[in-house]
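*Asks:* My structure is below; once you've seen it, I'll send some questions.
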Amino acid sequence: MSNFINNLTITLVGGKNLKTTDIFFKSDPYCEIVRNSNAEKAKTHVINSTKNPQWHSSFNYKNVDRSESFTVTIYDYDSVGAHDFLGQVILNSAHFTNFIDRGFPLCGNANSSARGELYITMAVIP
């Protein structure tokens, strides 16, 4: 097996049962995906007033080393102040198989807890 993946497509399908941080018990979630080897970032669009967003946003990466990882973080968009952390998923080489279509439980960080799942599909062209 080669140490490199020619083409990796990660699709951030949607979230389920995200925690709420807004006053009306819903969030305005969006995702940020970071390729950890070079800090390349991309974002989905914001979905307003939901705990179950559907983004269906795909991101393509070329020449991915199997030792790389990607961090996907979900935030609640706020027009004033910092965006609120809702949870994150770290994708690593164990996830880089031919095709994945599943939900990943969200993890918290040192400052905040998380709840819910992030649904992701990934396709690998070796």
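Identifiers for the structure tokens are assigned positionally: chains receive A, B, ... in sequence, residues are indexed from 1 per chain, and ligands are indexed from 1 in the order shown.
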Mind the document's chain letters and residue numbers, and return as a ChimeraX atom specification the residues of chain A that DSSP labels strand (DSSP E or B).

*Replies:* /A:4-16,27,29-35,40-43,50,54-65,70-76,84-91,99-105,107,117-125

*Asks:* Hey, which bits of stretch 47-91 of chain A sit within 7 Å of stretch 24-30 of chain A, and for each residue what's the closest pair of atoms and how far apart in Å (one decimal), counting only C-alpha atoms, rows by chain and increasing number, as CSV?

*Replies:*
```
residue,atom,partner,partner_atom,distance
A:Ile47,CA,A:Asp28,CA,5.4
A:Asn48,CA,A:Asp28,CA,4.3
A:Ser49,CA,A:Lys26,CA,5.1
A:Thr50,CA,A:Lys26,CA,5.1
A:Lys51,CA,A:Lys26,CA,5.8
A:Pro53,CA,A:Pro29,CA,7.0
A:Ile74,CA,A:Tyr30,CA,5.7
A:Tyr75,CA,A:Pro29,CA,5.4
A:Asp76,CA,A:Pro29,CA,4.4
A:Tyr77,CA,A:Asp28,CA,5.3
```

*Asks:* Residues at most 8 Å from A:Asn17, counting only C-alpha atoms, excluding those fewer than 3 positions away in the same chain, as a count of residues only?

*Replies:* 5

*Asks:* So how many Å separate atom CA of A:Val124 and atom CA of A:Asn109, to one decimal?

*Replies:*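 Those two atoms sit 28.5 Å apart.
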
*Asks:* Can you pull out the residues contacting A:Leu118? Cut-off 7 Å, using only C-alpha atoms, and skip same-chain residues under 4 positions away; I want them as a ChimeraX atom specification.

*Replies:* /A:14-16,103-106

*Asks:* Quote the spacing between atom CA of A:Arg35 and atom CA of A:Phe99 in Å to one decimal place.

*Replies:* 18.8 Å

*Asks:* Identify which of the residues A:Asn63, A:Thr121, A:Ser69, A:Ser112 lies closest to A:Ser2, counting only C-alpha atoms when measuring atom-to-atom distances.

*Replies:*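 Result for the nearest residue to A:Ser2: A:Asn63.
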
*Asks:* I'd like the contact shell of A:Pro126 - 10 Å cut-off, only C-alpha atoms, skipping same-chain residues fewer than 3 positions apart - returned as a short mmCIF file (atom, residue, chain, number, x, y, z; two decimals) with C-alpha atoms, in the first residue's frame.

*Replies:*
```cif
data_model
loop_
_atom_site.label_atom_id
_atom_site.label_comp_id
_atom_site.auth_asym_id
_atom_site.auth_seq_id
_atom_site.Cartn_x
_atom_site.Cartn_y
_atom_site.Cartn_z
CA MET A 1 0.00 0.00 0.00
CA SER A 2 1.30 3.44 -0.95
CA ASN A 3 1.96 6.03 1.76
CA PHE A 4 0.14 8.63 -0.33
CA ILE A 5 -3.46 9.04 -1.42
CA ASN A 6 -3.74 10.73 -4.81
CA ASN A 7 -7.19 12.17 -4.16
CA LEU A 8 -9.23 12.30 -0.95
CA ASN A 63 -1.37 13.94 -2.41
CA VAL A 64 -2.44 13.15 1.14
CA PHE A 96 -8.63 6.66 5.03
CA THR A 97 -10.16 3.54 3.48
CA ASN A 98 -11.82 3.28 0.08
CA ALA A 123 -13.80 8.61 -0.82
#
```

*Asks:* Which is closest to A:Val89 among A:Glu68, A:Glu32, A:Asn60, A:Thr21, if we use only C-alpha atoms?

*Replies:*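 For A:Val89, the nearest of the given residues is A:Glu32.
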
*Asks:* Pick the closest to A:Ile10 from A:Val72, A:Ala94, A:Val46, A:Ala39: which is it, counting only C-alpha atoms?

*Replies:*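 Of all the options, A:Val72 lies closest to A:Ile10.
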
*Asks:* Looking at only C-alpha atoms, which of A:Lys19, A:Ser58, A:Lys43, A:Asp78 is the one that sits closest to A:Cys107?

*Replies:*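 Among the listed residues, A:Lys19 lies closest to A:Cys107.
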
*Asks:* Expressed in Å to a single decimal, how great is the separation between atom CA of A:Thr44 and atom CA of A:Tyr119?

*Replies:*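 Separation of atom CA of A:Thr44 and atom CA of A:Tyr119: 13.5 Å.
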
*Asks:* Of the candidates A:Val34, A:Arg102, A:Thr9, A:Ile125, which shows the shortest atom-to-atom distance to A:Tyr61, using only C-alpha atoms?

*Replies:*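 Using only C-alpha atoms, the shortest distance to A:Tyr61 belongs to A:Thr9.
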
*Asks:* With only C-alpha atoms as the basis for distance, which of A:Gly108, A:Thr20, A:His56, A:Gly87 is at the shortest distance from A:Met122?

*Replies:*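 The shortest atom-to-atom distance to A:Met122 comes from A:His56.
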